[in-house]
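Containing PDB, C-alpha atoms and all ligand atoms: structure.pdb.
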ATOM      1  CA  THR A   1      -3.230-105.136  20.307
ATOM      2  CA  ARG A   2      -0.870-103.799  22.939
ATOM      3  CA  ASP A   3      -1.760-102.221  26.216
ATOM      4  CA  ALA A   4       1.495-100.323  26.557
ATOM      5  CA  ILE A   5       3.182 -97.476  24.728
ATOM      6  CA  ARG A   6       6.808 -96.484  24.879
ATOM      7  CA  PHE A   7       8.441 -93.200  24.081
ATOM      8  CA  TRP A   8      11.673 -91.333  24.716
ATOM      9  CA  ARG A   9      11.755 -88.813  27.508
ATOM     10  CA  HIS A  10      14.874 -87.196  29.008
ATOM     11  CA  GLY A  11      17.093 -89.697  27.186
ATOM     12  CA  ARG A  12      15.369 -92.793  28.457
ATOM     13  CA  VAL A  13      12.440 -94.957  27.453
ATOM     14  CA  VAL A  14       9.194 -94.396  29.313
ATOM     15  CA  GLU A  15       6.527 -97.084  29.224
ATOM     16  CA  VAL A  16       2.940 -96.182  30.031
ATOM     17  CA  THR A  17       0.311 -98.841  30.583
ATOM     18  CA  GLY A  18      -3.297 -99.020  31.607
ATOM     19  CA  PHE A  19      -4.416 -95.628  30.329
ATOM     20  CA  HIS A  20      -7.808 -94.819  28.856
ATOM     21  CA  PRO A  21      -7.577 -94.742  25.052
ATOM     22  CA  ARG A  22      -9.060 -91.243  24.982
ATOM     23  CA  THR A  23      -6.409 -89.823  27.305
ATOM     24  CA  THR A  24      -4.894 -86.758  25.683
ATOM     25  CA  LEU A  25      -1.200 -86.033  25.823
ATOM     26  CA  LEU A  26      -2.022 -82.797  27.643
ATOM     27  CA  ASP A  27      -3.883 -84.613  30.412
ATOM     28  CA  TYR A  28      -1.083 -87.144  30.700
ATOM     29  CA  LEU A  29       1.513 -84.380  31.082
ATOM     30  CA  ARG A  30      -0.432 -82.252  33.534
ATOM     31  CA  LEU A  31      -2.178 -84.929  35.589
ATOM     32  CA  ASN A  32       0.277 -87.824  35.515
ATOM     33  CA  GLU A  33       3.680 -86.208  35.095
ATOM     34  CA  ARG A  34       2.590 -82.987  36.864
ATOM     35  CA  LYS A  35       4.385 -81.026  34.168
ATOM     36  CA  LEU A  36       2.362 -77.845  34.367
ATOM     37  CA  GLY A  37       4.425 -75.780  31.936
ATOM     38  CA  THR A  38       2.298 -77.156  29.115
ATOM     39  CA  LYS A  39      -0.855 -75.054  29.311
ATOM     40  CA  GLU A  40      -4.473 -75.678  28.488
ATOM     41  CA  GLY A  41      -6.022 -72.744  26.682
ATOM     42  CA  CYS A  42      -8.775 -73.616  24.238
ATOM     43  CA  ALA A  43      -8.498 -77.426  24.532
ATOM     44  CA  GLU A  44      -9.496 -77.758  20.898
ATOM     45  CA  GLY A  45      -6.340 -77.245  18.888
ATOM     46  CA  ASP A  46      -6.669 -73.557  18.117
ATOM     47  CA  CYS A  47      -4.473 -71.544  20.497
ATOM     48  CA  GLY A  48      -1.145 -73.413  20.759
ATOM     49  CA  ALA A  49      -0.758 -72.946  24.526
ATOM     50  CA  CYS A  50      -0.355 -76.716  24.832
ATOM     51  CA  THR A  51       2.364 -77.054  22.174
ATOM     52  CA  VAL A  52       5.030 -79.689  22.807
ATOM     53  CA  ALA A  53       7.523 -81.214  20.388
ATOM     54  CA  LEU A  54       7.598 -84.765  19.117
ATOM     55  CA  GLY A  55      10.833 -86.047  17.638
ATOM     56  CA  ARG A  56      10.975 -88.888  15.141
ATOM     57  CA  VAL A  57      13.850 -90.163  13.039
ATOM     58  CA  ARG A  58      13.414 -89.161   9.409
ATOM     59  CA  GLY A  59      16.110 -88.956   6.796
ATOM     60  CA  GLY A  60      18.738 -90.194   9.239
ATOM     61  CA  ARG A  61      18.182 -87.571  11.920
ATOM     62  CA  VAL A  62      15.657 -86.611  14.545
ATOM     63  CA  ARG A  63      13.114 -84.135  13.205
ATOM     64  CA  TYR A  64      11.026 -82.260  15.730
ATOM     65  CA  GLU A  65       7.440 -81.343  15.051
ATOM     66  CA  PRO A  66       5.353 -79.009  17.217
ATOM     67  CA  VAL A  67       2.043 -80.616  18.141
ATOM     68  CA  ASN A  68      -1.030 -79.571  20.114
ATOM     69  CA  ALA A  69      -1.058 -81.820  23.165
ATOM     70  CA  CYS A  70      -4.731 -81.067  23.841
ATOM     71  CA  ILE A  71      -5.921 -82.886  20.734
ATOM     72  CA  LEU A  72      -3.201 -85.520  20.493
ATOM     73  CA  LEU A  73      -4.004 -88.830  22.109
ATOM     74  CA  LEU A  74      -1.358 -90.241  24.408
ATOM     75  CA  GLY A  75      -1.220 -93.386  22.283
ATOM     76  CA  GLN A  76      -0.023 -91.333  19.322
ATOM     77  CA  VAL A  77       3.235 -90.578  21.129
ATOM     78  CA  ASP A  78       4.283 -94.221  20.864
ATOM     79  CA  GLY A  79       7.774 -94.484  19.408
ATOM     80  CA  ALA A  80       8.525 -90.754  19.462
ATOM     81  CA  GLU A  81      10.702 -88.531  21.613
ATOM     82  CA  LEU A  82       8.529 -86.260  23.730
ATOM     83  CA  VAL A  83       9.959 -82.847  24.613
ATOM     84  CA  THR A  84       8.189 -80.314  26.822
ATOM     85  CA  VAL A  85       9.175 -76.828  27.904
ATOM     86  CA  GLU A  86      10.601 -78.175  31.160
ATOM     87  CA  ASP A  87      13.191 -80.143  29.207
ATOM     88  CA  LEU A  88      14.896 -77.266  27.444
ATOM     89  CA  ALA A  89      17.029 -75.478  30.016
ATOM     90  CA  VAL A  90      20.034 -77.293  31.437
ATOM     91  CA  GLY A  91      20.446 -76.021  34.961
ATOM     92  CA  ASP A  92      20.617 -72.248  34.654
ATOM     93  CA  ASP A  93      21.502 -72.443  30.970
ATOM     94  CA  LEU A  94      18.526 -71.555  28.853
ATOM     95  CA  HIS A  95      17.984 -73.101  25.448
ATOM     96  CA  PRO A  96      18.857 -70.539  22.733
ATOM     97  CA  VAL A  97      15.185 -69.969  21.910
ATOM     98  CA  GLN A  98      14.424 -69.297  25.574
ATOM     99  CA  ALA A  99      17.384 -66.934  25.850
ATOM    100  CA  ALA A 100      16.198 -65.074  22.746
ATOM    101  CA  MET A 101      12.695 -64.724  24.172
ATOM    102  CA  VAL A 102      14.181 -63.221  27.331
ATOM    103  CA  ALA A 103      16.525 -60.905  25.429
ATOM    104  CA  ARG A 104      13.722 -59.665  23.171
ATOM    105  CA  HIS A 105      11.147 -59.371  25.956
ATOM    106  CA  GLY A 106       8.939 -61.821  24.075
ATOM    107  CA  SER A 107       6.798 -62.725  27.077
ATOM    108  CA  GLN A 108       4.023 -60.569  28.477
ATOM    109  CA  CYS A 109       1.399 -62.347  30.602
ATOM    110  CA  GLY A 110       3.343 -65.546  29.890
ATOM    111  CA  PHE A 111       0.489 -67.971  29.370
ATOM    112  CA  CYS A 112       1.287 -68.592  25.710
ATOM    113  CA  THR A 113       5.052 -68.523  26.243
ATOM    114  CA  PRO A 114       5.719 -72.253  26.798
ATOM    115  CA  GLY A 115       3.852 -73.136  23.621
ATOM    116  CA  ILE A 116       5.671 -70.462  21.663
ATOM    117  CA  VAL A 117       8.995 -71.655  23.026
ATOM    118  CA  MET A 118       8.209 -75.188  21.877
ATOM    119  CA  SER A 119       7.269 -74.031  18.378
ATOM    120  CA  LEU A 120      10.565 -72.135  18.275
ATOM    121  CA  PHE A 121      12.398 -75.208  19.582
ATOM    122  CA  ALA A 122      11.107 -77.207  16.610
ATOM    123  CA  LEU A 123      12.006 -74.372  14.239
ATOM    124  CA  TYR A 124      15.486 -74.075  15.769
ATOM    125  CA  HIS A 125      16.208 -77.754  15.287
ATOM    126  CA  GLU A 126      14.824 -77.799  11.771
ATOM    127  CA  GLY A 127      17.625 -75.453  10.701
ATOM    128  CA  GLY A 128      19.249 -75.626   7.315
ATOM    129  CA  ARG A 129      17.589 -72.611   5.741
ATOM    130  CA  PRO A 130      17.640 -68.869   6.107
ATOM    131  CA  LEU A 131      14.732 -67.602   8.148
ATOM    132  CA  ASP A 132      12.912 -64.465   7.131
ATOM    133  CA  ARG A 133      10.100 -62.680   8.913
ATOM    134  CA  GLN A 134       7.415 -64.410   6.884
ATOM    135  CA  ALA A 135       8.843 -67.853   7.631
ATOM    136  CA  ALA A 136       9.016 -66.980  11.341
ATOM    137  CA  ASN A 137       5.399 -65.824  11.220
ATOM    138  CA  ASP A 138       4.419 -69.059   9.508
ATOM    139  CA  ALA A 139       6.216 -71.144  12.148
ATOM    140  CA  LEU A 140       4.314 -69.286  14.876
ATOM    141  CA  ALA A 141       0.947 -69.279  13.111
ATOM    142  CA  GLY A 142      -0.455 -71.877  15.498
ATOM    143  CA  ASN A 143       0.422 -69.919  18.635
ATOM    144  CA  LEU A 144      -1.942 -67.196  19.739
ATOM    145  CA  CYS A 145      -0.746 -64.427  22.057
ATOM    146  CA  ARG A 146      -3.748 -62.688  23.565
ATOM    147  CA  CYS A 147      -1.529 -59.797  24.676
ATOM    148  CA  THR A 148      -0.774 -59.548  20.921
ATOM    149  CA  GLY A 149       2.920 -58.916  21.444
ATOM    150  CA  TYR A 150       3.986 -60.686  18.295
ATOM    151  CA  ARG A 151       6.796 -58.420  17.119
ATOM    152  CA  PRO A 152       9.259 -59.271  19.934
ATOM    153  CA  ILE A 153       8.370 -62.955  19.602
ATOM    154  CA  VAL A 154       9.163 -62.901  15.896
ATOM    155  CA  ASP A 155      12.349 -60.954  16.668
ATOM    156  CA  ALA A 156      13.321 -63.736  19.090
ATOM    157  CA  ALA A 157      12.639 -66.340  16.414
ATOM    158  CA  LEU A 158      14.863 -64.475  13.957
ATOM    159  CA  ASP A 159      17.633 -64.109  16.559
ATOM    160  CA  ALA A 160      17.634 -67.753  17.618
ATOM    161  CA  CYS A 161      16.665 -69.616  14.468
ATOM    162  CA  SER A 162      18.248 -67.731  11.549
TER     163      SER A 162
HETATM  164 FE1  LIG B   1      -5.385 -74.483  22.705
HETATM  165 FE2  LIG B   1      -4.337 -76.933  22.848
HETATM  166  S1  LIG B   1      -5.060 -75.734  24.461
HETATM  167  S2  LIG B   1      -4.418 -75.615  21.116
END

Show me the file's structure as structure tokens.
Ligand code: FES
Amino acid sequence: TRDAIRFWRHGRVVEVTGFHPRTTLLDYLRLNERKLGTKEGCAEGDCGACTVALGRVRGGRVRYEPVNACILLLGQVDGAELVTVEDLAVGDDLHPVQAAMVARHGSQCGFCTPGIVMSLFALYHEGGRPLDRQAANDALAGNLCRCTGYRPIVDAALDACS
């Protein structure tokens, strides 16, 4: 057994040691890294507020998958690239999915927005296929917006990811 995990973060390898095996990725991000953009909503994998992206090399390129950080154990990040909402903008330059959310007014109370942005980030980088409204809905199926403003969010997905 190993008592350390390593993963990519901001273009460098992070090693984490000495953590409790039941530590969730969400607790690691919020309590250790103090990255508070990743939200805790339901804490049981239903609402998507805690969505982050994990990148792994498959088929010769990095494929990003949205995951619920509240039910993912920190140890499961070993070997992956970990991307959170704080990582997307470069200075004042928003990531295209963030810019589309702004342009389409896709954020209301804002609590679900980081998770939605991360699902869109994964969708954006998946690429390679035309995106219709149904596919955008499917990609966002794990993200609940309690303000129920889904139409502008789906519009943002179509703008940024088609
Ligand atoms: Fe609701 Fe993680 S906090 S899915």

Item to check | Best match for closeness to ligand LIG 1 (chain B) among A:Val57, A:Leu144, A:Val83, A:Leu123, counting only C-alpha atoms and all ligand atoms | outcome: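 Closest residue, counting only C-alpha atoms and all ligand atoms: A:Leu144.
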
Work out where the centre of an axis-aligned box around every listed atom of range 56-66 of chain A lies and how long its edges are once 8 Å is added on each side; give both in Å to one decimal as AutoDock Vina command-line options.
--center_x 12.0 --center_y -84.6 --center_z 12.0 --size_x 29.4 --size_y 27.2 --size_z 26.4

Checklist entry - Pick the closest to ligand LIG 1 (chain B) from A:Pro21, A:Gly60, A:Gly91, A:Gly45: which is it, counting all atoms listed in the file? => result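 Going through A:Pro21, A:Gly60, A:Gly91, A:Gly45 one by one, the smallest distance to ligand LIG 1 (chain B) is for A:Gly45.
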
Item to check | Chain and number of each residue from the PyMOL selection byres (((not hetatm)) within 7 of (chain B and resi 1)), as JSON, numbers by chain | outcome: {"A": [39, 40, 41, 42, 43, 44, 45, 46, 47, 48, 49, 50, 51, 68, 69, 70, 71]}

Checklist entry - Please, what distance in Å, to one decimal, runs between CA of Cys112 in chain A and CA of Arg58 in chain A? => result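 Between CA of Cys112 in chain A and CA of Arg58 in chain A the gap works out to 28.9 Å.
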
What would the selection look like, as a PDB file with C-alpha atoms, in the coordinates of the input, if the PyMOL selection byres (((chain A and resi 78) around 9) and not hetatm) were run on the coordinates I just shared?
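result.pdb, written as the output of this step:
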ATOM      1  CA  ALA A   4       1.495-100.323  26.557  1.00  0.00           C
ATOM      2  CA  ILE A   5       3.182 -97.476  24.728  1.00  0.00           C
ATOM      3  CA  ARG A   6       6.808 -96.484  24.879  1.00  0.00           C
ATOM      4  CA  PHE A   7       8.441 -93.200  24.081  1.00  0.00           C
ATOM      5  CA  TRP A   8      11.673 -91.333  24.716  1.00  0.00           C
ATOM      6  CA  LEU A  74      -1.358 -90.241  24.408  1.00  0.00           C
ATOM      7  CA  GLY A  75      -1.220 -93.386  22.283  1.00  0.00           C
ATOM      8  CA  GLN A  76      -0.023 -91.333  19.322  1.00  0.00           C
ATOM      9  CA  VAL A  77       3.235 -90.578  21.129  1.00  0.00           C
ATOM     10  CA  GLY A  79       7.774 -94.484  19.408  1.00  0.00           C
ATOM     11  CA  ALA A  80       8.525 -90.754  19.462  1.00  0.00           C
ATOM     12  CA  GLU A  81      10.702 -88.531  21.613  1.00  0.00           C
TER      13      GLU A  81
END

Item to check | Pick from A:Val14, A:Leu72, A:Leu26, A:Ala136, whichever lies nearest to Leu158 in chain A using all atoms listed in the file | outcome: A:Ala136

Given the PyMOL selection byres (((chain A and resi 95-110) around 8) and not hetatm), the residues it picks as an mmCIF file with C-alpha atoms, keeping the file's coordinate frame:
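File produced: part.cif:
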data_model
loop_
_atom_site.group_PDB
_atom_site.id
_atom_site.type_symbol
_atom_site.label_atom_id
_atom_site.label_comp_id
_atom_site.auth_asym_id
_atom_site.auth_seq_id
_atom_site.Cartn_x
_atom_site.Cartn_y
_atom_site.Cartn_z
ATOM 1 C CA LEU A 88 14.896 -77.266 27.444
ATOM 2 C CA ALA A 89 17.029 -75.478 30.016
ATOM 3 C CA VAL A 90 20.034 -77.293 31.437
ATOM 4 C CA ASP A 93 21.502 -72.443 30.970
ATOM 5 C CA LEU A 94 18.526 -71.555 28.853
ATOM 6 C CA PHE A 111 0.489 -67.971 29.370
ATOM 7 C CA CYS A 112 1.287 -68.592 25.710
ATOM 8 C CA THR A 113 5.052 -68.523 26.243
ATOM 9 C CA PRO A 114 5.719 -72.253 26.798
ATOM 10 C CA VAL A 117 8.995 -71.655 23.026
ATOM 11 C CA LEU A 120 10.565 -72.135 18.275
ATOM 12 C CA PHE A 121 12.398 -75.208 19.582
ATOM 13 C CA TYR A 124 15.486 -74.075 15.769
ATOM 14 C CA CYS A 147 -1.529 -59.797 24.676
ATOM 15 C CA GLY A 149 2.920 -58.916 21.444
ATOM 16 C CA TYR A 150 3.986 -60.686 18.295
ATOM 17 C CA PRO A 152 9.259 -59.271 19.934
ATOM 18 C CA ILE A 153 8.370 -62.955 19.602
ATOM 19 C CA ASP A 155 12.349 -60.954 16.668
ATOM 20 C CA ALA A 156 13.321 -63.736 19.090
ATOM 21 C CA ALA A 157 12.639 -66.340 16.414
ATOM 22 C CA ASP A 159 17.633 -64.109 16.559
ATOM 23 C CA ALA A 160 17.634 -67.753 17.618
ATOM 24 C CA CYS A 161 16.665 -69.616 14.468
#

Item to check | Selected residue, from A:Glu65, A:Asp87, A:Asp92, A:Asp27, that lies nearest to Glu126 in chain A when counting all atoms listed in the file | outcome: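 So, comparing all the options, the nearest one is A:Glu65.
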
Next on the checklist: Here is a test: counting only C-alpha atoms, which residue of A:Val154, A:Ala122, A:Leu31, A:Leu131 is nearest to Leu54 in chain A?
Outcome noted: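 Using only C-alpha atoms, the shortest distance to Leu54 in chain A belongs to A:Ala122.
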
Next on the checklist: Just want the 6 Å neighbourhood of Val52 in chain A, counted on only C-alpha atoms, with same-chain residues fewer than 2 positions away dropped. Output as a VMD selection string.
Outcome noted: chain A and resid 66 to 67 84 118

Can I get the selection written as a tab-separated table (two decimals), keeping the file's coordinate frame, with C-alpha atoms?
chain	number	residue	atom	x	y	z
A	66	PRO	CA	5.35	-79.01	17.22
A	67	VAL	CA	2.04	-80.62	18.14
A	84	THR	CA	8.19	-80.31	26.82
A	118	MET	CA	8.21	-75.19	21.88

Checklist entry - Could you work out how far CA of Gly115 in chain A lies from CA of Leu140 in chain A, giving the answer in Å with one decimal? => result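 Spanning CA of Leu140 in chain A to CA of Gly115 in chain A is a straight-line distance of 9.6 Å.
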
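The gap separating CA of Glu33 in chain A from CA of Asp3 in chain A is 19.1 Å, in Å to one decimal.
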
Taking the block above, write range 118-129 of chain A with N, CA, C and O atoms as a PDB file, in the first residue's frame.
ATOM      1  N   MET A 118     -18.502  23.623 -14.543  1.00  0.00           N
ATOM      2  CA  MET A 118     -17.567  22.498 -14.678  1.00  0.00           C
ATOM      3  C   MET A 118     -18.143  21.390 -15.559  1.00  0.00           C
ATOM      4  O   MET A 118     -17.404  20.729 -16.300  1.00  0.00           O
ATOM      5  N   SER A 119     -19.456  21.187 -15.503  1.00  0.00           N
ATOM      6  CA  SER A 119     -20.056  20.224 -16.439  1.00  0.00           C
ATOM      7  C   SER A 119     -19.899  20.724 -17.873  1.00  0.00           C
ATOM      8  O   SER A 119     -19.605  19.944 -18.797  1.00  0.00           O
ATOM      9  N   LEU A 120     -20.073  22.028 -18.063  1.00  0.00           N
ATOM     10  CA  LEU A 120     -19.904  22.598 -19.407  1.00  0.00           C
ATOM     11  C   LEU A 120     -18.444  22.549 -19.849  1.00  0.00           C
ATOM     12  O   LEU A 120     -18.153  22.351 -21.033  1.00  0.00           O
ATOM     13  N   PHE A 121     -17.536  22.734 -18.909  1.00  0.00           N
ATOM     14  CA  PHE A 121     -16.099  22.623 -19.221  1.00  0.00           C
ATOM     15  C   PHE A 121     -15.799  21.227 -19.803  1.00  0.00           C
ATOM     16  O   PHE A 121     -15.116  21.102 -20.828  1.00  0.00           O
ATOM     17  N   ALA A 122     -16.317  20.199 -19.143  1.00  0.00           N
ATOM     18  CA  ALA A 122     -16.083  18.838 -19.639  1.00  0.00           C
ATOM     19  C   ALA A 122     -16.720  18.655 -21.017  1.00  0.00           C
ATOM     20  O   ALA A 122     -16.126  18.055 -21.924  1.00  0.00           O
ATOM     21  N   LEU A 123     -17.926  19.184 -21.173  1.00  0.00           N
ATOM     22  CA  LEU A 123     -18.618  19.081 -22.464  1.00  0.00           C
ATOM     23  C   LEU A 123     -17.841  19.818 -23.547  1.00  0.00           C
ATOM     24  O   LEU A 123     -17.671  19.315 -24.664  1.00  0.00           O
ATOM     25  N   TYR A 124     -17.356  21.000 -23.222  1.00  0.00           N
ATOM     26  CA  TYR A 124     -16.590  21.824 -24.170  1.00  0.00           C
ATOM     27  C   TYR A 124     -15.361  21.066 -24.667  1.00  0.00           C
ATOM     28  O   TYR A 124     -15.054  21.058 -25.863  1.00  0.00           O
ATOM     29  N   HIS A 125     -14.662  20.431 -23.751  1.00  0.00           N
ATOM     30  CA  HIS A 125     -13.425  19.757 -24.129  1.00  0.00           C
ATOM     31  C   HIS A 125     -13.671  18.405 -24.774  1.00  0.00           C
ATOM     32  O   HIS A 125     -12.756  17.845 -25.389  1.00  0.00           O
ATOM     33  N   GLU A 126     -14.879  17.881 -24.605  1.00  0.00           N
ATOM     34  CA  GLU A 126     -15.187  16.620 -25.284  1.00  0.00           C
ATOM     35  C   GLU A 126     -15.229  16.853 -26.791  1.00  0.00           C
ATOM     36  O   GLU A 126     -14.591  16.148 -27.546  1.00  0.00           O
ATOM     37  N   GLY A 127     -15.947  17.895 -27.200  1.00  0.00           N
ATOM     38  CA  GLY A 127     -15.949  18.336 -28.595  1.00  0.00           C
ATOM     39  C   GLY A 127     -16.258  17.222 -29.587  1.00  0.00           C
ATOM     40  O   GLY A 127     -16.755  16.161 -29.240  1.00  0.00           O
ATOM     41  N   GLY A 128     -15.980  17.520 -30.837  1.00  0.00           N
ATOM     42  CA  GLY A 128     -16.018  16.501 -31.876  1.00  0.00           C
ATOM     43  C   GLY A 128     -17.392  16.068 -32.327  1.00  0.00           C
ATOM     44  O   GLY A 128     -17.522  15.112 -33.072  1.00  0.00           O
ATOM     45  N   ARG A 129     -18.445  16.727 -31.854  1.00  0.00           N
ATOM     46  CA  ARG A 129     -19.769  16.327 -32.343  1.00  0.00           C
ATOM     47  C   ARG A 129     -20.700  17.533 -32.259  1.00  0.00           C
ATOM     48  O   ARG A 129     -20.524  18.401 -31.404  1.00  0.00           O
TER      49      ARG A 129
END
